[in-house]
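With mmCIF, C-alpha atoms inside, this is target_6.cif:
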```cif
data_my_file
#
loop_
_atom_site.label_atom_id
_atom_site.label_comp_id
_atom_site.auth_asym_id
_atom_site.auth_seq_id
_atom_site.Cartn_x
_atom_site.Cartn_y
_atom_site.Cartn_z
CA MET A 24 105.31 103.50 87.95
CA ASN A 25 108.69 105.18 87.28
CA ALA A 26 111.01 104.40 84.35
CA GLU A 27 113.74 102.86 86.53
CA PHE A 28 111.27 100.37 88.00
CA LYS A 29 110.02 99.43 84.54
CA LYS A 30 113.63 98.89 83.43
CA VAL A 31 114.16 96.46 86.32
CA LEU A 32 110.98 94.59 85.43
CA GLY A 33 112.27 94.01 81.92
CA HIS A 34 114.93 91.59 83.26
CA VAL A 35 112.68 89.28 85.36
CA SER A 36 110.21 86.53 84.53
CA PRO A 37 106.57 87.42 83.76
CA GLU A 38 105.38 85.88 87.04
CA ILE A 39 107.83 87.87 89.15
CA GLN A 40 107.08 90.91 87.03
CA ILE A 41 103.38 90.65 87.92
CA GLU A 42 104.16 90.23 91.62
CA LEU A 43 106.48 93.22 91.60
CA GLU A 44 103.88 95.32 89.83
CA LYS A 45 101.27 94.37 92.43
CA ARG A 46 103.71 95.22 95.19
CA GLY A 47 104.51 98.55 93.52
CA TRP A 48 100.83 99.49 93.29
CA ALA A 49 100.26 98.67 96.96
CA LEU A 50 103.38 100.54 98.07
CA SER A 51 102.40 103.60 96.05
CA ALA A 52 98.90 103.51 97.53
CA LEU A 53 100.34 103.19 101.04
CA SER A 54 102.76 106.05 100.49
CA GLU A 55 100.12 108.42 99.12
CA ALA A 56 97.63 107.49 101.82
CA ALA A 57 100.18 107.95 104.61
CA ALA A 58 100.81 111.51 103.43
CA THR A 59 97.09 112.32 103.68
CA LEU A 60 96.88 110.84 107.17
CA ALA A 61 99.44 113.34 108.40
CA ARG A 62 97.42 116.39 107.35
CA ALA A 63 93.81 115.29 107.90
CA ASP A 64 92.07 117.09 110.76
CA SER A 65 88.59 115.56 110.48
CA THR A 66 87.18 112.06 110.09
CA ASP A 67 85.54 112.86 106.76
CA LEU A 68 88.70 114.40 105.32
CA LEU A 69 90.91 111.56 106.55
CA VAL A 70 88.72 108.82 105.09
CA GLN A 71 88.06 110.59 101.81
CA GLU A 72 91.67 111.47 101.11
CA VAL A 73 92.97 108.02 102.05
CA CYS A 74 90.45 106.40 99.70
CA ALA A 75 91.39 108.83 96.93
CA ALA A 76 95.10 108.09 97.42
CA ILE A 77 94.48 104.34 97.10
CA ALA A 78 92.13 104.50 94.13
CA SER A 79 94.55 106.64 92.14
CA GLN A 80 97.05 103.77 91.92
CA GLY A 81 97.34 100.95 89.35
CA PRO A 82 94.30 98.75 88.88
CA TYR A 83 92.48 99.90 92.03
CA VAL A 84 89.04 101.11 90.92
CA LEU A 85 87.52 101.72 94.34
CA ALA A 86 88.44 102.13 97.98
CA TRP A 87 85.99 102.74 100.79
CA VAL A 88 85.84 102.73 104.56
CA GLY A 89 82.91 101.18 106.39
CA LYS A 90 81.98 101.74 110.02
CA ALA A 91 80.71 98.77 112.05
CA GLU A 92 77.40 99.79 113.62
CA ASP A 93 75.98 98.12 116.72
CA ASP A 94 72.42 97.96 115.43
CA GLU A 95 70.32 94.79 115.21
CA LYS A 96 71.52 93.86 111.71
CA LYS A 97 75.11 94.90 112.44
CA THR A 98 75.14 97.26 109.50
CA VAL A 99 78.36 98.47 107.90
CA THR A 100 77.92 102.15 107.00
CA VAL A 101 79.93 103.73 104.19
CA ILE A 102 81.65 106.80 105.66
CA GLY A 103 83.90 107.57 102.70
CA ALA A 104 84.70 106.22 99.24
CA TYR A 105 86.59 107.11 96.09
CA GLY A 106 87.34 105.62 92.68
CA SER A 107 86.15 105.12 89.13
CA ALA A 108 83.72 102.46 90.43
CA LEU A 109 82.29 104.78 93.07
CA GLU A 110 78.70 103.97 92.07
CA TYR A 111 79.33 100.42 93.30
CA VAL A 112 78.83 101.50 96.91
CA LYS A 113 75.70 103.55 96.24
CA ASP A 114 72.92 102.04 98.40
CA ILE A 115 75.09 98.96 98.99
CA GLN A 116 73.95 96.63 101.76
CA VAL A 117 76.78 95.25 103.90
CA SER A 118 76.59 93.62 107.32
CA TRP A 119 79.13 92.17 109.70
CA SER A 120 76.70 89.56 111.03
CA GLU A 121 77.44 85.93 110.19
CA PHE A 122 73.67 85.33 109.94
CA GLU A 123 73.14 87.85 107.14
CA PRO A 124 73.99 86.99 103.49
CA SER A 125 75.50 90.48 103.20
CA GLY A 126 77.83 89.63 106.07
CA LEU A 127 79.77 86.95 104.17
CA GLY A 128 81.79 89.31 101.99
CA PRO A 129 85.27 90.68 102.71
CA GLY A 130 83.99 93.67 104.69
CA GLY A 131 81.73 91.84 107.10
CA THR A 132 84.16 88.95 107.52
CA ALA A 133 87.08 91.24 108.31
CA ILE A 134 85.10 93.11 110.99
CA ARG A 135 83.61 89.96 112.51
CA THR A 136 86.86 88.00 112.70
CA GLY A 137 89.34 90.86 113.07
CA ILE A 138 91.35 89.23 110.25
CA SER A 139 91.80 90.52 106.71
CA SER A 140 89.57 88.85 104.12
CA VAL A 141 90.54 88.51 100.45
CA VAL A 142 88.38 87.90 97.38
CA PHE A 143 90.89 86.58 94.86
CA ASP A 144 88.36 86.41 92.04
CA SER A 145 84.86 87.81 92.30
CA GLU A 146 83.65 85.35 89.66
CA SER A 147 84.41 82.31 91.79
CA ASP A 148 84.45 83.39 95.45
CA GLU A 149 81.45 81.85 97.24
CA GLY A 150 81.21 84.58 99.85
CA PHE A 151 80.94 87.21 97.15
CA VAL A 152 77.77 85.85 95.58
CA SER A 153 75.60 88.71 96.91
CA TRP A 154 77.69 91.28 95.05
CA ARG A 155 78.87 89.32 92.00
CA GLU A 156 76.49 90.84 89.47
CA ARG A 157 77.05 94.30 90.93
CA ALA A 158 80.82 93.81 90.64
CA ARG A 159 80.54 92.84 86.97
CA GLN A 160 78.81 96.13 86.18
CA PHE A 161 81.84 98.04 87.46
CA GLY A 162 84.63 95.78 86.27
CA ILE A 163 85.60 94.56 89.75
CA ARG A 164 87.46 91.24 89.89
CA SER A 165 89.17 91.10 93.29
CA ALA A 166 89.00 92.79 96.69
CA VAL A 167 90.52 92.90 100.13
CA GLY A 168 88.95 93.92 103.43
CA CYS A 169 91.27 94.91 106.30
CA PRO A 170 89.87 95.54 109.79
CA ILE A 171 90.39 99.01 111.22
CA PRO A 172 91.25 98.52 114.90
CA ASP A 173 89.46 100.42 117.63
CA GLY A 174 90.52 98.81 120.88
CA ALA A 175 86.90 97.91 121.66
CA ASP A 176 85.04 94.59 121.44
CA HIS A 177 85.20 94.69 117.67
CA PRO A 178 87.06 96.73 115.03
CA TYR A 179 85.94 100.27 114.27
CA GLY A 180 85.22 99.17 110.73
CA VAL A 181 86.95 98.03 107.58
CA LEU A 182 89.08 99.34 104.74
CA LEU A 183 88.01 97.80 101.44
CA VAL A 184 90.04 97.99 98.24
CA TYR A 185 88.82 96.70 94.86
CA SER A 186 90.84 95.90 91.75
CA LYS A 187 89.88 95.45 88.11
CA ILE A 188 92.18 92.42 87.81
CA PRO A 189 91.87 89.07 89.64
CA ASN A 190 94.41 88.00 92.27
CA ALA A 191 95.55 91.58 92.85
CA PHE A 192 96.05 91.01 96.56
CA GLY A 193 98.75 88.60 97.62
CA GLU A 194 100.18 88.18 101.09
CA SER A 195 102.53 91.15 100.79
CA GLU A 196 99.84 93.47 99.43
CA VAL A 197 97.47 92.43 102.21
CA GLN A 198 100.13 93.21 104.82
CA LEU A 199 100.62 96.67 103.34
CA PHE A 200 96.90 97.44 103.41
CA GLU A 201 96.66 96.04 106.95
CA SER A 202 99.32 98.53 107.98
CA LEU A 203 97.33 101.29 106.34
CA ALA A 204 94.14 100.19 108.11
CA GLN A 205 95.95 100.34 111.43
CA GLU A 206 97.14 103.87 110.65
CA ILE A 207 93.59 104.85 109.72
CA GLY A 208 92.42 103.54 113.10
CA PHE A 209 95.12 105.51 114.88
CA GLY A 210 94.23 108.63 112.88
CA LEU A 211 90.52 108.30 113.62
CA ARG A 212 91.16 107.85 117.35
CA SER A 213 93.48 110.85 117.39
CA ILE A 214 90.89 113.03 115.67
CA GLU A 215 88.19 111.77 118.03
CA ARG A 216 90.34 112.61 121.06
CA GLN A 217 91.06 116.05 119.63
CA HIS A 218 87.36 116.66 118.99
CA LYS A 219 86.52 115.58 122.54
CA LEU A 220 89.18 117.96 123.82
CA ASP A 221 87.81 120.73 121.59
CA ASP A 222 84.29 120.02 122.89
CA GLN A 223 85.53 120.19 126.48
CA ILE A 224 87.31 123.46 125.78
CA HIS A 225 84.20 124.85 124.08
CA GLU A 226 82.02 123.77 127.00
CA LYS A 227 84.44 125.39 129.42
CA GLU A 228 84.35 128.58 127.38
CA LEU A 229 80.54 128.55 127.45
CA VAL A 230 80.57 128.09 131.22
CA GLN A 231 83.03 130.95 131.56
CA GLU A 232 80.86 133.15 129.33
CA ARG A 233 77.80 132.36 131.44
CA LEU A 234 79.72 133.08 134.63
CA ALA A 235 81.06 136.31 133.15
CA SER A 236 77.53 137.36 132.15
CA SER A 237 76.22 136.55 135.62
CA LEU A 238 79.09 138.44 137.19
CA ARG A 239 78.50 141.43 134.96
CA ALA A 240 74.78 141.41 135.79
CA THR A 241 75.56 141.21 139.51
CA ILE A 242 78.02 144.10 139.28
CA GLU A 243 75.49 146.21 137.37
CA ALA A 244 72.82 145.41 139.97
CA MET A 245 75.18 146.53 142.74
CA SER A 246 75.86 149.75 140.84
CA LYS A 247 72.15 150.38 140.34
CA THR A 248 71.56 149.96 144.08
CA MET A 249 74.15 152.64 144.79
CA GLU A 250 72.55 155.03 142.32
CA TRP A 251 69.15 154.69 144.04
CA ARG A 252 70.73 155.98 147.26
CA ASP A 253 72.48 158.86 145.52
CA PRO A 254 70.40 160.16 142.59
CA TYR A 255 72.76 163.06 141.99
CA THR A 256 75.49 160.73 140.89
CA ALA A 257 73.13 158.45 138.95
CA GLY A 258 75.05 157.17 135.96
CA HIS A 259 78.41 158.35 137.36
CA GLN A 260 79.81 154.86 137.88
CA LYS A 261 78.62 153.68 134.47
CA ARG A 262 80.15 156.70 132.72
CA VAL A 263 83.43 156.22 134.58
CA ALA A 264 83.38 152.56 133.53
CA PHE A 265 82.83 153.46 129.86
CA ILE A 266 85.48 156.19 129.84
CA SER A 267 87.94 153.81 131.52
CA MET A 268 87.28 151.14 128.90
CA ALA A 269 87.84 153.62 126.08
CA ILE A 270 91.13 154.77 127.61
CA ALA A 271 92.31 151.18 128.13
CA LYS A 272 91.46 150.36 124.52
CA ASN A 273 93.63 153.28 123.37
CA LEU A 274 96.42 151.87 125.53
CA GLY A 275 96.14 148.52 123.72
CA TRP A 276 94.87 146.48 126.64
CA SER A 277 93.39 143.00 126.07
CA ASP A 278 89.62 142.48 126.00
CA GLU A 279 89.73 140.49 129.24
CA ARG A 280 91.67 143.18 131.06
CA ILE A 281 89.32 145.87 129.74
CA GLN A 282 86.39 143.80 131.00
CA SER A 283 87.91 143.70 134.49
CA LEU A 284 88.30 147.48 134.37
CA TYR A 285 84.65 147.85 133.41
CA MET A 286 83.64 145.76 136.43
CA ALA A 287 85.76 147.90 138.74
CA GLY A 288 84.41 151.12 137.23
CA MET A 289 80.82 150.02 137.75
CA VAL A 290 81.36 149.60 141.50
CA HIS A 291 84.21 151.97 142.25
CA ASP A 292 81.95 154.05 144.52
CA ILE A 293 80.05 151.13 146.07
CA GLY A 294 81.56 152.06 149.45
CA LYS A 295 79.38 155.17 149.54
CA VAL A 296 76.57 152.96 150.87
CA ALA A 297 78.32 153.47 154.23
CA VAL A 298 78.14 157.26 153.90
CA PRO A 299 74.94 158.96 155.16
CA SER A 300 72.80 160.06 152.22
CA GLU A 301 72.41 163.58 153.63
CA ILE A 302 76.16 164.02 153.27
CA LEU A 303 76.20 162.63 149.73
CA THR A 304 73.44 165.01 148.67
CA LYS A 305 74.53 168.02 150.73
CA PRO A 306 74.32 171.12 148.47
CA THR A 307 76.97 173.05 150.38
CA ARG A 308 80.66 172.58 151.16
CA LEU A 309 81.44 169.56 153.36
CA THR A 310 83.08 169.93 156.75
CA ASP A 311 86.42 168.24 157.42
CA LEU A 312 84.65 165.43 159.30
CA GLU A 313 82.13 164.94 156.53
CA MET A 314 84.95 164.88 153.98
CA GLN A 315 86.70 162.17 156.00
CA MET A 316 83.50 160.14 155.97
CA VAL A 317 83.22 160.51 152.18
CA GLN A 318 86.85 159.55 151.69
CA GLY A 319 86.18 156.45 153.77
CA HIS A 320 84.11 155.07 150.87
CA VAL A 321 87.20 153.52 149.25
CA GLU A 322 87.94 151.47 152.38
CA SER A 323 84.28 150.50 152.71
CA GLY A 324 84.19 149.51 149.05
CA TYR A 325 87.28 147.38 149.52
CA GLN A 326 85.73 145.61 152.51
CA ILE A 327 82.53 144.93 150.56
CA LEU A 328 84.36 143.48 147.56
CA LYS A 329 87.49 141.81 148.96
CA ASP A 330 85.88 138.47 149.79
CA ILE A 331 84.06 138.11 146.47
CA PRO A 332 86.00 135.58 144.31
CA PHE A 333 86.39 137.77 141.23
CA PRO A 334 88.84 136.47 138.59
CA TRP A 335 90.51 139.91 138.79
CA PRO A 336 91.64 142.10 141.73
CA ILE A 337 88.51 144.29 141.57
CA ALA A 338 88.61 145.14 145.27
CA GLU A 339 92.17 146.49 145.02
CA MET A 340 91.33 148.58 141.96
CA VAL A 341 88.45 150.16 143.88
CA HIS A 342 90.64 150.61 146.95
CA GLN A 343 93.26 152.57 145.01
CA HIS A 344 91.24 154.73 142.62
CA HIS A 345 91.80 157.87 144.73
CA GLU A 346 95.54 157.30 145.17
CA ARG A 347 97.86 159.71 143.34
CA LEU A 348 101.34 159.24 141.91
CA ASP A 349 102.92 161.84 144.24
CA GLY A 350 101.46 160.17 147.35
CA SER A 351 98.86 162.90 147.95
CA GLY A 352 95.93 160.51 147.46
CA TYR A 353 94.06 158.26 149.88
CA PRO A 354 93.56 155.97 151.74
CA LYS A 355 97.20 154.82 151.96
CA GLY A 356 99.13 157.55 150.18
CA LEU A 357 100.56 155.13 147.64
CA LYS A 358 103.09 156.46 145.13
CA GLY A 359 104.04 155.71 141.52
CA GLU A 360 104.24 152.02 140.68
CA GLU A 361 102.62 151.11 143.99
CA ILE A 362 99.32 152.05 142.35
CA CYS A 363 97.92 149.39 140.02
CA PRO A 364 97.43 150.41 136.34
CA GLU A 365 93.65 149.90 136.52
CA ALA A 366 93.37 152.32 139.44
CA ARG A 367 95.39 154.91 137.52
CA ILE A 368 92.89 154.75 134.66
CA LEU A 369 89.94 154.94 137.05
CA ALA A 370 91.51 158.01 138.64
CA VAL A 371 91.65 159.85 135.31
CA ALA A 372 88.19 158.74 134.21
CA ASP A 373 86.70 159.61 137.62
CA THR A 374 88.25 163.09 137.53
CA ILE A 375 86.98 163.80 134.02
CA GLU A 376 83.44 162.63 134.75
CA ALA A 377 83.20 164.38 138.13
CA MET A 378 84.32 167.77 136.79
CA ALA A 379 82.40 167.59 133.51
CA THR A 380 79.02 166.79 135.07
CA HIS A 381 76.67 168.39 137.61
CA ARG A 382 77.02 167.89 141.37
CA PRO A 383 74.68 169.00 144.21
CA TYR A 384 77.25 171.50 145.48
CA ARG A 385 78.24 172.99 142.09
CA ALA A 386 77.34 173.21 138.44
CA ALA A 387 79.15 171.19 135.81
CA LYS A 388 82.50 172.74 134.87
CA GLY A 389 82.41 171.18 131.41
CA LEU A 390 84.59 168.75 129.52
CA GLN A 391 87.27 171.24 128.53
CA ALA A 392 87.83 172.31 132.14
CA ALA A 393 88.09 168.66 133.13
CA MET A 394 90.66 167.99 130.42
CA ASP A 395 92.66 171.05 131.43
CA GLU A 396 92.71 169.75 135.00
CA ILE A 397 94.02 166.29 134.13
CA ARG A 398 96.66 167.85 131.84
CA VAL A 399 97.94 169.97 134.74
CA GLU A 400 98.14 166.89 136.98
CA ALA A 401 99.66 164.60 134.33
CA GLY A 402 102.98 163.19 135.50
CA THR A 403 102.57 164.44 139.07
CA LYS A 404 99.27 163.13 140.39
CA LEU A 405 97.92 161.33 137.35
CA ASP A 406 99.61 158.88 134.97
CA ALA A 407 100.80 160.85 131.90
CA LYS A 408 100.26 157.94 129.50
CA VAL A 409 96.70 157.51 130.73
CA VAL A 410 96.06 161.25 130.33
CA ASP A 411 97.43 161.11 126.76
CA ALA A 412 95.14 158.19 125.98
CA ALA A 413 92.19 160.17 127.36
CA TYR A 414 93.06 163.12 125.10
CA GLU A 415 92.89 160.78 122.09
CA LEU A 416 89.18 160.46 122.86
CA LEU A 417 88.78 164.15 122.02
CA ASP A 418 88.45 163.17 118.36
CA SER A 419 86.39 164.63 115.53
CA GLU A 420 83.54 162.25 116.35
CA GLY A 421 83.22 163.60 119.87
CA THR A 422 83.77 160.20 121.48
CA LEU A 423 84.59 161.51 124.96
CA GLN A 424 81.67 163.95 124.98
CA LYS A 425 79.31 161.13 124.03
CA LEU A 426 80.62 159.06 126.93
CA ILE A 427 80.08 162.02 129.30
CA ASP A 428 76.53 162.48 128.01
CA ALA A 429 75.67 158.76 128.29
CA GLN A 430 72.85 157.94 130.71
#
```
Could you take the file, read its structure, and then write that structure out as structure tokens?
Amino acid sequence: MNAEFKKVLGHVSPEIQIELEKRGWALSALSEAAATLARADSTDLLVQEVCAAIASQGPYVLAWVGKAEDDEKKTVTVIGAYGSALEYVKDIQVSWSEFEPSGLGPGGTAIRTGISSVVFDSESDEGFVSWRERARQFGIRSAVGCPIPDGADHPYGVLLVYSKIPNAFGESEVQLFESLAQEIGFGLRSIERQHKLDDQIHEKELVQERLASSLRATIEAMSKTMEWRDPYTAGHQKRVAFISMAIAKNLGWSDERIQSLYMAGMVHDIGKVAVPSEILTKPTRLTDLEMQMVQGHVESGYQILKDIPFPWPIAEMVHQHHERLDGSGYPKGLKGEEICPEARILAVADTIEAMATHRPYRAAKGLQAAMDEIRVEAGTKLDAKVVDAAYELLDSEGTLQKLIDAQ
């Protein structure tokens, strides 16, 4: 209580002085508790901090919140308590049933009737008989129970406040604690709604993770099928996917976008299922007609993938991975910004992997030759920023070489 308030009290009668002091304690408790309500983000924290705020004021030795259970005995469960008389609620038996002796106190009565219940003096209140001896042990002389609304058939529970002096709770004090109980109810419902929303979001995330895992497994199965038809390029799609991911990471792409690039890389040559295997494995130079058939794999891949409801434009990435910035690529001769960024990365990764590894018609040219090739084409056929990001993989740890050697 501040000095100015004490100065005012010095000029009023003792009776009014007592009433003002009681009002001051209740107001202080309400003020402190309201501040905690604003920052609490869990039921336990809300209840505990509100009780602590109340019990730190004036003659209040204990505050606790009880939840009204719907069991056979209509038990009131302590979900949070604070105060110098905290041991009072240890193993306490409280009910909100009118047929149970433990349901006649302020807590049970407030829940059952939906109206605040006051014990003006624990030594004389008939409904407090079950707890009288217990109250004496902890210096409790008066109490108030205020129902915490829930909007259901009965209140959520009750806010109970105990004082070491009798008659601590007059009409004004009860109104203040009723207001606090209503705010507690609002706070609890808000937290519950937030938790339900969080649970829904978490469940949605789990579903998305499961779908993503299934999608990834399906993509990998499709890639494996392609490799069985063309053993000479076994692992090619996977290595292109890994190189593409590493490049995209260097470019600062998001995890989700990198994941979409991985999916595209794993099936970028899926259209080769439409190309005769004898052409794919031919150890000599292809004829112009055979080359046209091979180049048709991007269109075939697009047709295979376009109707699959991917969350990303996988089909378009596959369709464009042989396009070149100067328009010299295929199948549509797209130029510059017409080519999607994912396809530009696939183009660089595909070039590196194809030149650095063995093919039926030639021996591997090696990583350095592949890097020299993409450097020559940077800015004309290939995206210069993507090429620069690929060169960053030529680090002291041999990252790019390890990706080339991956099986």
Using all atoms listed in the file, I'd like a table of the residues in segment 268-367 of chain A that come within 12 Å of segment 398-416 of chain A; for each, show the closest atom pair and its distance in Å rounded to one decimal, ordered by chain and ascending number, as a tab-separated table.
```
residue	atom	partner	partner_atom	distance
A:Met268	CA	A:Ala413	CA	10.4
A:Ala269	CA	A:Leu416	CA	7.7
A:Ile270	CA	A:Ala413	CA	5.5
A:Ala271	CA	A:Ala412	CA	7.9
A:Lys272	CA	A:Ala412	CA	8.8
A:Asn273	CA	A:Ala412	CA	5.8
A:Leu274	CA	A:Ala412	CA	6.5
A:Gly275	CA	A:Ala412	CA	10.0
A:Trp276	CA	A:Ala412	CA	11.7
A:His344	CA	A:Leu405	CA	10.8
A:His345	CA	A:Lys404	CA	10.1
A:Glu346	CA	A:Lys404	CA	8.4
A:Arg347	CA	A:Lys404	CA	4.7
A:Leu348	CA	A:Lys404	CA	4.7
A:Asp349	CA	A:Lys404	CA	5.5
A:Gly350	CA	A:Lys404	CA	7.9
A:Ser351	CA	A:Lys404	CA	7.6
A:Gly352	CA	A:Lys404	CA	8.2
A:Tyr353	CA	A:Lys404	CA	11.9
A:Gly356	CA	A:Lys404	CA	11.3
A:Leu357	CA	A:Lys404	CA	10.9
A:Lys358	CA	A:Lys404	CA	9.0
A:Gly359	CA	A:Asp406	CA	8.5
A:Glu360	CA	A:Asp406	CA	10.1
A:Ile362	CA	A:Asp406	CA	10.1
A:Cys363	CA	A:Asp406	CA	10.9
A:Pro364	CA	A:Asp406	CA	8.9
A:Glu365	CA	A:Val409	CA	10.0
A:Ala366	CA	A:Asp406	CA	10.1
A:Arg367	CA	A:Asp406	CA	6.3
```
Exercise. Written as a ChimeraX atom specification, which residues does the PyMOL selection byres ((chain A and resi 209) around 12) give for the file shown?
Worked result: /A:57,60-61,66,69,171-174,178-179,202-208,210-216
Exercise. Written as a ChimeraX atom specification, what is the full residue list that the PyMOL selection byres ((chain A and resi 146) around 8) yields on the file shown?
Worked result: /A:144-145,147-148,155,164
Problem set entry | Selection near His291 of chain A, 12 Å with only C-alpha atoms, sequence-local residues under 4 positions removed, as number ranges by chain | A: 242-243, 245-246, 249, 259-264, 267, 283-287, 295-296, 320-325, 327-328, 337-345, 365-366, 368-370, 372-373
Problem set entry | Ser107 of chain A surroundings by all atoms listed in the file, 9 Å radius, close-in-sequence under 3 positions cut, as a PyMOL selection string | chain A and resi 78+83-85+110+161
Could you save the residues just selected, with C-alpha atoms, as a PDB file, in the frame of the given file?
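Generated output (part16.pdb):
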```pdb
ATOM      1  CA  ALA A  78      92.130 104.500  94.130  1.00  0.00           C
ATOM      2  CA  TYR A  83      92.480  99.900  92.030  1.00  0.00           C
ATOM      3  CA  VAL A  84      89.040 101.110  90.920  1.00  0.00           C
ATOM      4  CA  LEU A  85      87.520 101.720  94.340  1.00  0.00           C
ATOM      5  CA  GLU A 110      78.700 103.970  92.070  1.00  0.00           C
ATOM      6  CA  PHE A 161      81.840  98.040  87.460  1.00  0.00           C
TER       7      PHE A 161
END
```
Problem set entry | Straight-line distance linking atom CA of Asp395 of chain A with atom CA of Arg382 of chain A, stated in Å to one decimal | 18.8 Å
Exercise. So, counting all atoms listed in the file, which residue among A:Phe333, A:Lys305, A:Leu426, A:Leu50 is closest to Arg385 of chain A?
Worked result: A:Lys305
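When atom CA of Ile427 of chain A is paired with atom CA of Glu250 of chain A, their separation reads 16.6 Å.
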Problem set entry | Within-12 Å shell of (84.0, 160.0, 154.8) in input frame, only C-alpha atoms, as a ChimeraX atom specification | /A:294-300,302-303,309-324,353-354
Exercise. So what does the PyMOL selection byres ((chain A and resi 182-187) around 8) actually pick up in this one, as a PyMOL selection string?
Worked result: chain A and resi 77-78+82-89+129-130+162-171+180-181+188-189+191+204
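Proximity ranking of A:Ala108, A:Val117, A:Gln217, A:Gly193 relative to Ala158 of chain A places A:Ala108 first, based on all atoms listed in the file.
Distances from A:Asp114, A:Glu376, A:Asp292, A:Glu228 to Ile397 of chain A were compared using all atoms listed in the file, and the smallest one belongs to A:Glu376.
Among the candidates A:Ile115, A:Leu423, A:Ala91, A:Ala133, the residue lying nearest to Trp154 of chain A is A:Ile115 (atoms considered: all atoms listed in the file).
Separating atom CA of Gln116 of chain A from atom CA of Thr100 of chain A is a distance of 8.6 Å.
The closest residue to Glu232 of chain A, picked from A:Gly137, A:Ser79, A:Thr380, A:Glu279 and counting all atoms listed in the file, is A:Glu279.
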So for segment 147-166 of chain A, what box centre and size do we get, axis-aligned, 6 Å extra on each of the six sides, every listed atom, Å to one decimal, as JSON?
```
{"center_x": 82.4, "center_y": 89.9, "center_z": 93.0, "size_x": 25.6, "size_y": 28.2, "size_z": 25.7}
```
